[in-house]
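Trainee: Following this message is one structure expressed as structure tokens.
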Amino acid sequence: MNRKILNIDEIDFSPSFEKLLKQNAIPPKFKQCTFDNYYPNKRYKSQKIVKEQLMEFIKRLEQFRIKKSRPRFFRGFYKSPKPKNIYLDGIYGVGKTHLLASLANRYSGKSLFLSFSELTYIIAFYKLKSVAEKITEKFDLILIDEFELDDPGDAMMGINFIREVDKTDSVIVTTSNTLPTQLGARKLDILLFKDRIGSLIKSFETYIIDGEDYRMSIKKTEFDSLYEDIETAFKSYKTKEKAKLIVDFEDLLAKLREVHPFRYNQLSYSLDALFIKNIRPFSEDEISDALRFSHLIDTLYYGDVDIFISGYYNLSNLFHPELKDGKFRTKIGRCLSRLSEKCTLIIHS
Ligand SMILES: Nc1ncnc2c1ncn2[C@@H]1O[C@H](COP(=O)(O)OP(=O)(O)O)[C@@H](O)[C@H]1O
Ligand SMILES: [Mg+2]
């Protein structure tokens, strides 16, 4: 693809499952994250401890793989059991995803990185057994970012996936998804995780990272006065390796309805920047559209795509209060938090 400006209908939303898996290496936003550039905060001892435990985990996993590659007869001589799965817990911004990417960067074998919501969409499309089979055939280490526990249906899907993976030689490391606004939610998260995961808990170790949000709290929910209008911003944006795309909010929503959400990441693979014109709030009965949009923002965030939005509204009004405080509040809250980090708002002129 050489063209620098794309139309939404030019995006290929139909890659094969194999291609999708191949693309699921470490997402661009976290590609550079390693154990070496994770600097534990001295005030929180758990940061250094967890980092060391994770590096140790990789060694044990590598020893286990060496053992598995030996002829069956010799395996008895190796004392290398399969390491336990890991649940990395901690509040938002303490570096859980950074550490997850560090595992992938450090591990000499094959690892797969995907977000929990991506996993649930893939399972909904391809069915659990076949997804688990295909993934465990190819990858020894499965990294799942932001395991969601608030929706019992999704949580069950994730748990059944873990059950299938546990039957194989592959290992899972997953992170929690607690937002800073949810005071005391971390404790609840661990309890919920233990409760929901039930008998599977034996196959997990929980590592808790204490700390403060590493991200600087520059929240961009207000309008940016740098650009007069979105068309000018679009014209002046210089693409890097990929393309830029400008689309009307309603046309974007129509496209999102048409395409299965697990394919939304094709936008991130094609774009440096997405410009969305005429945004307007989601009403209380637009929950499906709101969830599709939040998943799109998730994939753009991992893809490190710049986002520009124009409209009459500021971001805090984007979702009706019933959506913001309802069943999917974690997803919606995460979407707003990611938008405030990544997006430039331009007032409609
Ligand atoms: N201890 C650390 N050393 C270096 N960078 C960090 C550290 N903790 C967090 N970061 C950086 O801060 C940002 C937020 O971290 P992230 O891993 O996304 O947090 P979480 O997943 O816990 O919400 C990332 O850009 C990450 O690279
Ligand atoms: Mg994270």
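Simple scheme: letters A, B, ... for chains in structure tokens order, numbers from 1 for residues in each chain, numbers from 1 for ligands in the order shown.
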Residues of chain A that have any atom at most 10 Å from an atom of ligand 2: could you tabulate them with the shortest-distance atom pair and the distance in Å to one decimal, using only C-alpha atoms and all ligand atoms, ordered by chain and increasing number, as a Markdown table?

Mentor:
| residue | atom | partner | partner_atom_place_in_ligand_line | distance |
| --- | --- | --- | --- | --- |
| A:Phe30 | CA | ligand 2 | 1 (Mg) | 9.9 |
| A:Gly90 | CA | ligand 2 | 1 (Mg) | 9.5 |
| A:Ile91 | CA | ligand 2 | 1 (Mg) | 9.1 |
| A:Tyr92 | CA | ligand 2 | 1 (Mg) | 6.7 |
| A:Gly93 | CA | ligand 2 | 1 (Mg) | 6.8 |
| A:Val94 | CA | ligand 2 | 1 (Mg) | 8.2 |
| A:Gly95 | CA | ligand 2 | 1 (Mg) | 6.8 |
| A:Lys96 | CA | ligand 2 | 1 (Mg) | 5.4 |
| A:Thr97 | CA | ligand 2 | 1 (Mg) | 4.2 |
| A:His98 | CA | ligand 2 | 1 (Mg) | 7.3 |
| A:Leu99 | CA | ligand 2 | 1 (Mg) | 9.2 |
| A:Leu100 | CA | ligand 2 | 1 (Mg) | 8.7 |
| A:Ser115 | CA | ligand 2 | 1 (Mg) | 9.4 |
| A:Asp145 | CA | ligand 2 | 1 (Mg) | 6.5 |
| A:Glu146 | CA | ligand 2 | 1 (Mg) | 6.4 |
| A:Thr175 | CA | ligand 2 | 1 (Mg) | 7.2 |
| A:Ser176 | CA | ligand 2 | 1 (Mg) | 7.8 |
| A:Asn177 | CA | ligand 2 | 1 (Mg) | 6.8 |
| A:Thr178 | CA | ligand 2 | 1 (Mg) | 9.0 |
| A:Leu179 | CA | ligand 2 | 1 (Mg) | 9.7 |
| A:Tyr302 | CA | ligand 2 | 1 (Mg) | 9.8 |
| A:Arg334 | CA | ligand 2 | 1 (Mg) | 10.0 |

Trainee: Could you give me, as a list in words, each residue of range 221-302 of chain A that DSSP assigns to strand (DSSP E or B) when run on this structure's backbone?

Mentor: Ala243, Lys244, Leu245, Ile246, Val247, Asp248, Leu271, Asp272, Ala273, Leu274, Phe275, Ile276, Lys277, Asn278, Ile279 and Phe282 of chain A

Trainee: Residues of the last selection are to be written out with N, CA and C atoms, as an mmCIF file, in the first residue's frame.

Mentor:
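Below is the file part38.cif, written as the result:
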data_model
loop_
_atom_site.group_PDB
_atom_site.id
_atom_site.type_symbol
_atom_site.label_atom_id
_atom_site.label_comp_id
_atom_site.auth_asym_id
_atom_site.auth_seq_id
_atom_site.Cartn_x
_atom_site.Cartn_y
_atom_site.Cartn_z
ATOM 1 N N ALA A 243 -0.844 5.300 6.342
ATOM 2 C CA ALA A 243 -1.695 6.294 5.666
ATOM 3 C C ALA A 243 -2.524 7.096 6.663
ATOM 4 N N LYS A 244 -3.267 8.081 6.141
ATOM 5 C CA LYS A 244 -4.222 8.806 6.981
ATOM 6 C C LYS A 244 -5.600 8.700 6.344
ATOM 7 N N LEU A 245 -6.629 8.805 7.174
ATOM 8 C CA LEU A 245 -7.995 8.617 6.696
ATOM 9 C C LEU A 245 -8.908 9.586 7.420
ATOM 10 N N ILE A 246 -9.813 10.215 6.654
ATOM 11 C CA ILE A 246 -10.786 11.101 7.286
ATOM 12 C C ILE A 246 -12.183 10.551 6.997
ATOM 13 N N VAL A 247 -13.017 10.479 8.022
ATOM 14 C CA VAL A 247 -14.322 9.852 7.842
ATOM 15 C C VAL A 247 -15.340 10.548 8.736
ATOM 16 N N ASP A 248 -16.585 10.594 8.244
ATOM 17 C CA ASP A 248 -17.663 11.165 9.038
ATOM 18 C C ASP A 248 -18.065 10.141 10.110
ATOM 19 N N LEU A 271 -3.100 2.534 9.249
ATOM 20 C CA LEU A 271 -3.122 3.982 9.469
ATOM 21 C C LEU A 271 -2.100 4.525 10.463
ATOM 22 N N ASP A 272 -1.601 5.721 10.173
ATOM 23 C CA ASP A 272 -0.869 6.516 11.164
ATOM 24 C C ASP A 272 -1.849 7.394 11.924
ATOM 25 N N ALA A 273 -2.901 7.826 11.215
ATOM 26 C CA ALA A 273 -3.847 8.740 11.861
ATOM 27 C C ALA A 273 -5.258 8.550 11.319
ATOM 28 N N LEU A 274 -6.231 8.644 12.228
ATOM 29 C CA LEU A 274 -7.639 8.588 11.860
ATOM 30 C C LEU A 274 -8.302 9.890 12.293
ATOM 31 N N PHE A 275 -8.997 10.536 11.354
ATOM 32 C CA PHE A 275 -9.702 11.791 11.627
ATOM 33 C C PHE A 275 -11.199 11.518 11.587
ATOM 34 N N ILE A 276 -11.895 11.790 12.674
ATOM 35 C CA ILE A 276 -13.328 11.522 12.736
ATOM 36 C C ILE A 276 -14.089 12.849 12.813
ATOM 37 N N LYS A 277 -14.952 13.058 11.782
ATOM 38 C CA LYS A 277 -15.698 14.332 11.702
ATOM 39 C C LYS A 277 -17.057 14.213 12.359
ATOM 40 N N ASN A 278 -17.544 15.298 12.903
ATOM 41 C CA ASN A 278 -18.916 15.400 13.412
ATOM 42 C C ASN A 278 -19.288 14.351 14.451
ATOM 43 N N ILE A 279 -18.487 14.212 15.456
ATOM 44 C CA ILE A 279 -18.833 13.248 16.500
ATOM 45 C C ILE A 279 -20.027 13.795 17.280
ATOM 46 N N PHE A 282 -23.320 9.163 22.213
ATOM 47 C CA PHE A 282 -24.086 7.914 22.108
ATOM 48 C C PHE A 282 -25.247 7.994 23.103
#

Trainee: Considering only C-alpha atoms, return as a list of chain:residue names whatever protein or nucleic-acid residues lie within 9 Å of Tyr121 in chain A, sequence-local ones (same chain, fewer than 6 positions apart) excluded.

Mentor: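 That gives A:His260, A:Pro261, A:Phe262.
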
Trainee: Which one is closest to Ser102 in chain A: A:Asn37, A:Thr120, A:Gln47, A:Thr136? Count only C-alpha atoms.

Mentor: A:Asn37

Trainee: Give me every helix (DSSP H, G or I) residue in range 253-313 of chain A, going by DSSP on the backbone, as a PyMOL selection string.

Mentor: chain A and resi 253-258+261-263+265-270+287-302

Trainee: Would you list the contacts of Lys129 in chain A as an MDAnalysis selection string, taking every protein, DNA or RNA residue within 9 Å and counting only C-alpha atoms, but skipping same-chain residues closer than 5 positions in sequence?

Mentor: chainID A and resid 123 134 161 164

Trainee: Kindly save the residues from that selection, with C-alpha atoms included, as a PDB file, in the first residue's frame.

Mentor:
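Contents of the output file again23.pdb:
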ATOM      1  CA  ILE A 123     -13.753 -16.801  19.994  1.00  0.00           C
ATOM      2  CA  LYS A 134      -4.847 -22.969  16.473  1.00  0.00           C
ATOM      3  CA  PHE A 161     -10.223 -20.600  26.886  1.00  0.00           C
ATOM      4  CA  GLU A 164      -8.412 -25.484  26.941  1.00  0.00           C
TER       5      GLU A 164
END

Trainee: From the set A:Ser203, A:Ser310, A:Asn7, A:Thr174, which residue has the shortest atom-to-atom contact distance to ligand 1, counting only C-alpha atoms and all ligand atoms?

Mentor: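 With only C-alpha atoms and all ligand atoms as the atom set, the closest residue is A:Thr174.
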
Trainee: Show which residues sit within 10 Å of Arg338 in chain A, as an MDAnalysis selection string. Count only C-alpha atoms, and ignore same-chain residues fewer than 5 positions away.

Mentor: chainID A and resid 219:220 294 297:298 300:302 332:333 343

Trainee: Would you save the residues of that selection, restricted to N, CA and C atoms, as a PDB file, in the first residue's frame?

Mentor:
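As written to disk, selection24.pdb reads:
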ATOM      1  N   LYS A 219      -4.949  15.351  30.925  1.00  0.00           N
ATOM      2  CA  LYS A 219      -6.184  14.835  30.339  1.00  0.00           C
ATOM      3  C   LYS A 219      -6.673  15.782  29.259  1.00  0.00           C
ATOM      4  N   LYS A 220      -6.857  15.224  28.056  1.00  0.00           N
ATOM      5  CA  LYS A 220      -7.248  16.083  26.949  1.00  0.00           C
ATOM      6  C   LYS A 220      -8.730  15.968  26.641  1.00  0.00           C
ATOM      7  N   SER A 294     -15.843   1.678  21.254  1.00  0.00           N
ATOM      8  CA  SER A 294     -14.781   1.518  22.266  1.00  0.00           C
ATOM      9  C   SER A 294     -13.775   0.469  21.834  1.00  0.00           C
ATOM     10  N   ILE A 297     -11.427   2.071  19.464  1.00  0.00           N
ATOM     11  CA  ILE A 297     -10.449   2.911  20.170  1.00  0.00           C
ATOM     12  C   ILE A 297      -9.365   2.034  20.817  1.00  0.00           C
ATOM     13  N   ASP A 298      -9.776   0.885  21.376  1.00  0.00           N
ATOM     14  CA  ASP A 298      -8.793  -0.055  21.930  1.00  0.00           C
ATOM     15  C   ASP A 298      -7.744  -0.439  20.892  1.00  0.00           C
ATOM     16  N   LEU A 300      -6.975   1.057  18.071  1.00  0.00           N
ATOM     17  CA  LEU A 300      -6.177   2.205  17.615  1.00  0.00           C
ATOM     18  C   LEU A 300      -5.113   2.551  18.663  1.00  0.00           C
ATOM     19  N   TYR A 301      -5.480   2.384  19.929  1.00  0.00           N
ATOM     20  CA  TYR A 301      -4.556   2.674  21.025  1.00  0.00           C
ATOM     21  C   TYR A 301      -3.354   1.729  20.970  1.00  0.00           C
ATOM     22  N   TYR A 302      -3.620   0.426  20.853  1.00  0.00           N
ATOM     23  CA  TYR A 302      -2.509  -0.534  20.756  1.00  0.00           C
ATOM     24  C   TYR A 302      -1.673  -0.267  19.512  1.00  0.00           C
ATOM     25  N   ILE A 332     -16.190   1.333  28.712  1.00  0.00           N
ATOM     26  CA  ILE A 332     -16.457   2.727  28.362  1.00  0.00           C
ATOM     27  C   ILE A 332     -15.422   3.637  29.041  1.00  0.00           C
ATOM     28  N   GLY A 333     -15.159   3.373  30.308  1.00  0.00           N
ATOM     29  CA  GLY A 333     -14.181   4.168  31.064  1.00  0.00           C
ATOM     30  C   GLY A 333     -12.804   4.083  30.427  1.00  0.00           C
ATOM     31  N   CYS A 343      -6.121  11.377  21.830  1.00  0.00           N
ATOM     32  CA  CYS A 343      -6.831  12.080  20.765  1.00  0.00           C
ATOM     33  C   CYS A 343      -6.761  13.602  20.869  1.00  0.00           C
TER      34      CYS A 343
END

Trainee: Neighbours of Glu137 in chain A within 10 Å (only C-alpha atoms; same-chain residues fewer than 5 positions away dropped), as a list in words?

Mentor: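 That gives Val131, Ala132, Thr168, Asp169 and Ser170 of chain A.
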
Trainee: Those residues with N, CA and C atoms, as a PDB file, in the first residue's frame please?

Mentor:
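Below is the file part.pdb, written as the result:
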ATOM      1  N   VAL A 131     -10.166 -22.005  18.100  1.00  0.00           N
ATOM      2  CA  VAL A 131      -9.255 -20.903  18.422  1.00  0.00           C
ATOM      3  C   VAL A 131      -8.148 -21.407  19.353  1.00  0.00           C
ATOM      4  N   ALA A 132      -8.546 -22.137  20.405  1.00  0.00           N
ATOM      5  CA  ALA A 132      -7.566 -22.637  21.369  1.00  0.00           C
ATOM      6  C   ALA A 132      -6.569 -23.557  20.670  1.00  0.00           C
ATOM      7  N   THR A 168      -2.737 -28.121  27.317  1.00  0.00           N
ATOM      8  CA  THR A 168      -1.618 -28.184  26.384  1.00  0.00           C
ATOM      9  C   THR A 168      -0.320 -27.752  27.080  1.00  0.00           C
ATOM     10  N   ASP A 169       0.742 -27.605  26.294  1.00  0.00           N
ATOM     11  CA  ASP A 169       2.024 -27.174  26.861  1.00  0.00           C
ATOM     12  C   ASP A 169       2.176 -25.655  26.863  1.00  0.00           C
ATOM     13  N   SER A 170       1.155 -24.929  26.433  1.00  0.00           N
ATOM     14  CA  SER A 170       1.263 -23.464  26.397  1.00  0.00           C
ATOM     15  C   SER A 170       0.903 -22.855  27.748  1.00  0.00           C
TER      16      SER A 170
END

Trainee: Find, counting only C-alpha atoms, the residue in A:Ala25, A:Ile162, A:Leu103, A:Ile208 that gets nearest to Glu56 in chain A.

Mentor: A:Leu103

Trainee: Go through A:Ile230, A:Ile287, A:Asn160, A:Lys51 one by one, measure the shortest atom-to-atom distance of each to Ser199 in chain A using only C-alpha atoms, and give the residue with the smallest value.

Mentor: A:Asn160

Trainee: Given the choices A:Leu191, A:Pro27, A:Lys4, A:Leu88, which gets closest to Val50 in chain A if the distance is worked out from only C-alpha atoms?

Mentor: A:Leu88

Trainee: Can you tell me how far CA of Val259 in chain A sits from CA of Thr299 in chain A, in Å to one decimal?

Mentor: 14.1 Å

Trainee: From the options A:Lys29, A:Lys79, A:Lys138, A:Arg292, which residue's atoms come nearest to Arg60 in chain A, counting only C-alpha atoms?

Mentor: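 For Arg60 in chain A, the nearest of the given residues is A:Lys79.
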
Trainee: CA of Leu323 in chain A and CA of Asp151 in chain A, how far apart in Å?

Mentor: 14.0 Å

Trainee: Excluding Pro83 in chain A and its own-chain neighbours fewer than 6 positions away, which residues fall within 9 Å of it when counting only C-alpha atoms? Please give them as a PyMOL selection string.

Mentor: chain A and resi 57-58+60-61+64+171+203
